[in-house]
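Student: Have a look at this one before I ask anything.
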Amino acid sequence: MRRFCSVHTHSTMCDGKNTLAEMAAAAFAAGAVSFGASGHSHTPMPEDKGCVLPADMTAYRAEVLRLREMYRGRMDVLLGIELDNCADVTAEGFDYWIGSAHRLQGPDGRWYTVDWDAETLTACRDGAFGGDGLAMAERYYDQVRRMAARRPTILGHIDLVTKFNEGTPLFDESSPRYRAAALEALHTADPAATLLEINTGAMSRGYRRTPYPAPFLLEEWRRMGGRIIFTADAHSDSAIAYGYDRAAELARAAGFDRSTVLTAAGTAERPL
């Protein structure tokens, strides 16, 4: 029985390594009940050229719908989008959307990408925030809070700012300041409308040993009555369902006994 979904995925239409057809084939071979294409939304940022979908998403939509017909009756294929906090397009007309903050706005008014590389994030902390990593993290969670308030289908990698922070080289994740900012953003999300993803993408690409989000955020989301969904944030066909066993361990430790899958008929719950 097909029991899981893979709905946070990227292809060669944005910054992925495989075509949409190859990603869908990998999901089917792995036993997914549904595959969701969630290309990175277009933004006006020059540095994003070639890494995001074009503003005209006609070809993207057409390919996903072609794959939907190809797999009809065997696996659901969903048309999604990962909407960035700096996107200049909307999620109108999609089956679902992932709301993600990849950038923060510094006190100088500039936008900084938090998941590009450790050097970029360190330069942001030191140059824009005078070395105050907690102030940088607080600015990041301002953007997460705004995204959460828009009630996305899935709130993407809520603590992405920690991607290069294992061992706390940039800021202290146990600091009350840090946790207060992260929890404020989480509390803005609507548990009745939004799923919180347990995202293994940074693990598959070698940046982290554990999924997003941190246990204290998962535990609070459970207390809020929220639901979770496992995502691989897959940028290659080999990572289509990477680390779901580790995601399940994290979920159980936080007190969850089930996860959610997205299907063509809506959401469904699966026991852990």
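Chains: A, B, ... in order of the structure tokens. Residues: from 1 per chain. Ligands: from 1, in order shown.
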For stretch 115-214 of chain A versus stretch 233-247 of chain A, which residues have an atom no more than 8 Å away, and what is each residue's nearest atom pair and distance in Å rounded to one decimal, using only C-alpha atoms, chain-then-number order, as CSV?

Tutor:
```
residue,atom,partner,partner_atom,distance
A:Ile198,CA,A:Ala247,CA,6.1
A:Asn199,CA,A:Asp233,CA,6.4
A:Thr200,CA,A:Gly243,CA,6.0
A:Gly201,CA,A:Asp233,CA,4.6
A:Met203,CA,A:Gly243,CA,7.7
A:Ser204,CA,A:Tyr242,CA,6.5
A:Thr210,CA,A:Arg246,CA,7.8
A:Pro211,CA,A:Ala247,CA,6.7
```

Student: Please produce an output containing C-alpha atoms for each residue in the selection, written as a tab-separated table (two decimals), in the first residue's frame.

Tutor:
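File produced: result_2.tsv:
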```tsv
chain	number	residue	atom	x	y	z
A	198	ILE	CA	9.55	17.95	8.79
A	199	ASN	CA	12.09	18.61	6.05
A	200	THR	CA	15.07	16.34	5.40
A	201	GLY	CA	16.50	18.27	2.45
A	203	MET	CA	20.40	16.15	5.40
A	204	SER	CA	20.37	14.63	1.92
A	210	THR	CA	18.92	16.32	11.59
A	211	PRO	CA	15.76	17.54	9.83
```

Student: For stretch 109-123 of chain A, find every residue with an atom within 7 Å (counting only C-alpha atoms), except residues of its own chain fewer than 3 positions away, and show them as a list in words.

Tutor: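 The filter keeps His102, Arg103, Leu104, Gln105, Gly106, Asp126, Gly127, Leu160, Val161, Lys163, Phe164 and Leu170 of chain A.
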
Student: Let me see the file: selected residues, N, CA and C atoms, as a PDB file, in the first residue's frame.

Tutor:
```pdb
ATOM      1  N   HIS A 102      13.246  32.397   2.409  1.00  0.00           N
ATOM      2  CA  HIS A 102      14.655  32.121   2.119  1.00  0.00           C
ATOM      3  C   HIS A 102      15.532  33.342   2.393  1.00  0.00           C
ATOM      4  N   ARG A 103      14.897  34.467   2.684  1.00  0.00           N
ATOM      5  CA  ARG A 103      15.663  35.709   2.823  1.00  0.00           C
ATOM      6  C   ARG A 103      15.202  36.496   4.036  1.00  0.00           C
ATOM      7  N   LEU A 104      16.102  37.318   4.507  1.00  0.00           N
ATOM      8  CA  LEU A 104      15.776  38.297   5.535  1.00  0.00           C
ATOM      9  C   LEU A 104      16.202  39.668   5.028  1.00  0.00           C
ATOM     10  N   GLN A 105      15.572  40.677   5.552  1.00  0.00           N
ATOM     11  CA  GLN A 105      15.915  42.046   5.170  1.00  0.00           C
ATOM     12  C   GLN A 105      16.704  42.689   6.299  1.00  0.00           C
ATOM     13  N   GLY A 106      17.917  43.109   5.991  1.00  0.00           N
ATOM     14  CA  GLY A 106      18.783  43.703   6.990  1.00  0.00           C
ATOM     15  C   GLY A 106      18.381  45.125   7.331  1.00  0.00           C
ATOM     16  N   ASP A 126      27.850  39.708  10.269  1.00  0.00           N
ATOM     17  CA  ASP A 126      28.903  40.635  10.666  1.00  0.00           C
ATOM     18  C   ASP A 126      28.744  42.006  10.030  1.00  0.00           C
ATOM     19  N   GLY A 127      28.317  42.031   8.775  1.00  0.00           N
ATOM     20  CA  GLY A 127      28.214  43.303   8.069  1.00  0.00           C
ATOM     21  C   GLY A 127      26.926  44.052   8.330  1.00  0.00           C
ATOM     22  N   LEU A 160      15.019  27.581   8.663  1.00  0.00           N
ATOM     23  CA  LEU A 160      16.060  27.481   7.633  1.00  0.00           C
ATOM     24  C   LEU A 160      17.313  28.267   7.995  1.00  0.00           C
ATOM     25  N   VAL A 161      17.164  29.308   8.809  1.00  0.00           N
ATOM     26  CA  VAL A 161      18.306  30.126   9.194  1.00  0.00           C
ATOM     27  C   VAL A 161      19.355  29.316   9.953  1.00  0.00           C
ATOM     28  N   LYS A 163      20.508  26.423   8.924  1.00  0.00           N
ATOM     29  CA  LYS A 163      21.102  25.456   7.989  1.00  0.00           C
ATOM     30  C   LYS A 163      22.597  25.272   8.208  1.00  0.00           C
ATOM     31  N   PHE A 164      23.313  26.368   8.452  1.00  0.00           N
ATOM     32  CA  PHE A 164      24.773  26.291   8.622  1.00  0.00           C
ATOM     33  C   PHE A 164      25.178  26.491  10.076  1.00  0.00           C
ATOM     34  N   LEU A 170      27.156  30.548  14.515  1.00  0.00           N
ATOM     35  CA  LEU A 170      26.653  31.867  14.136  1.00  0.00           C
ATOM     36  C   LEU A 170      25.791  32.503  15.217  1.00  0.00           C
TER      37      LEU A 170
END
```

Student: Write out as JSON, numbers by chain which residues come within 8 Å of stretch 35-41 of chain A when counting only C-alpha atoms, dropping same-chain ones fewer than 6 positions away.

Tutor: {"A": [5, 6, 7, 8, 9, 10, 11, 13, 14, 15, 20, 24, 27, 28, 51, 52, 53, 54, 55, 64, 75, 76, 77, 78, 79, 80, 81, 82, 83, 84, 87, 88, 89, 97, 98]}

Student: If we count only C-alpha atoms and set the cut-off at 12 Å, which residues sit around A:Ala149, ignoring sequence neighbours fewer than 4 positions away in its own chain? Please answer as a ChimeraX atom specification.

Tutor: /A:85,99-100,142-145,153-155,184-191,193-194

Student: So which one's closest to A:Pro271, A:Gly206, A:Leu67, A:Phe4, A:Ile158? Using only C-alpha atoms, please.

Tutor: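 Once distances to A:Pro271 are computed over only C-alpha atoms, the minimum belongs to A:Phe4.
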
Student: If you run DSSP on the backbone here, which positions in stretch 3-238 of chain A get strand (DSSP E or B)? Please write them as a ChimeraX atom specification.

Tutor: /A:4-6,9,32-40,76-84,96-100,103-105,111-113,154-155,195-199,212,227-231,234

Student: Could I get the residues of stretch 79-184 of chain A with an atom no further than 10 Å from an atom of stretch 217-226 of chain A, each paired with its nearest atom pair and that distance in Å to one decimal, using only C-alpha atoms, sorted by chain and residue number, as CSV?

Tutor:
```
residue,atom,partner,partner_atom,distance
A:Ile158,CA,A:Leu217,CA,9.0
A:Asp159,CA,A:Leu217,CA,9.0
A:Arg179,CA,A:Leu217,CA,8.7
A:Ala182,CA,A:Leu217,CA,7.7
A:Leu183,CA,A:Leu217,CA,6.9
```

Student: Mind dumping the selected residues with all heavy atoms as an mmCIF file, in the first residue's frame?

Tutor:
```cif
data_model
loop_
_atom_site.group_PDB
_atom_site.id
_atom_site.type_symbol
_atom_site.label_atom_id
_atom_site.label_comp_id
_atom_site.auth_asym_id
_atom_site.auth_seq_id
_atom_site.Cartn_x
_atom_site.Cartn_y
_atom_site.Cartn_z
ATOM 1 N N ILE A 158 10.794 25.999 8.557
ATOM 2 C CA ILE A 158 10.554 27.199 9.362
ATOM 3 C C ILE A 158 11.841 27.761 9.960
ATOM 4 O O ILE A 158 11.978 28.977 10.104
ATOM 5 C CB ILE A 158 9.507 26.903 10.469
ATOM 6 C CG1 ILE A 158 9.159 28.181 11.246
ATOM 7 C CG2 ILE A 158 9.964 25.801 11.384
ATOM 8 C CD1 ILE A 158 8.024 28.001 12.225
ATOM 9 N N ASP A 159 12.808 26.911 10.276
ATOM 10 C CA ASP A 159 14.054 27.397 10.870
ATOM 11 C C ASP A 159 15.234 27.231 9.910
ATOM 12 O O ASP A 159 16.334 26.845 10.306
ATOM 13 C CB ASP A 159 14.333 26.746 12.220
ATOM 14 C CG ASP A 159 14.258 25.228 12.219
ATOM 15 O OD1 ASP A 159 13.871 24.639 11.188
ATOM 16 O OD2 ASP A 159 14.583 24.612 13.260
ATOM 17 N N ARG A 179 14.753 31.530 20.777
ATOM 18 C CA ARG A 179 13.550 30.705 20.892
ATOM 19 C C ARG A 179 12.283 31.547 20.900
ATOM 20 O O ARG A 179 11.259 31.145 20.328
ATOM 21 C CB ARG A 179 13.637 29.820 22.135
ATOM 22 C CG ARG A 179 14.745 28.783 22.012
ATOM 23 C CD ARG A 179 14.590 27.645 22.978
ATOM 24 N NE ARG A 179 15.519 26.564 22.644
ATOM 25 C CZ ARG A 179 15.375 25.310 23.033
ATOM 26 N NH1 ARG A 179 14.348 24.958 23.774
ATOM 27 N NH2 ARG A 179 16.257 24.390 22.682
ATOM 28 N N ALA A 182 11.544 32.447 17.237
ATOM 29 C CA ALA A 182 11.066 31.294 16.484
ATOM 30 C C ALA A 182 9.648 30.908 16.899
ATOM 31 O O ALA A 182 8.796 30.609 16.049
ATOM 32 C CB ALA A 182 12.019 30.116 16.685
ATOM 33 N N LEU A 183 9.371 30.932 18.188
ATOM 34 C CA LEU A 183 8.046 30.565 18.671
ATOM 35 C C LEU A 183 6.993 31.596 18.269
ATOM 36 O O LEU A 183 5.854 31.238 17.957
ATOM 37 C CB LEU A 183 8.068 30.385 20.181
ATOM 38 C CG LEU A 183 8.787 29.124 20.670
ATOM 39 C CD1 LEU A 183 8.997 29.177 22.176
ATOM 40 C CD2 LEU A 183 8.011 27.867 20.277
#
```

Student: List every residue of stretch 8-243 of chain A that DSSP, applied to the backbone of this structure, assigns to helix (DSSP H, G or I), and report them as a ChimeraX atom specification.

Tutor: /A:20-30,46-48,58-71,118-128,133-148,160-162,176-188,201-204,215-223,237-239
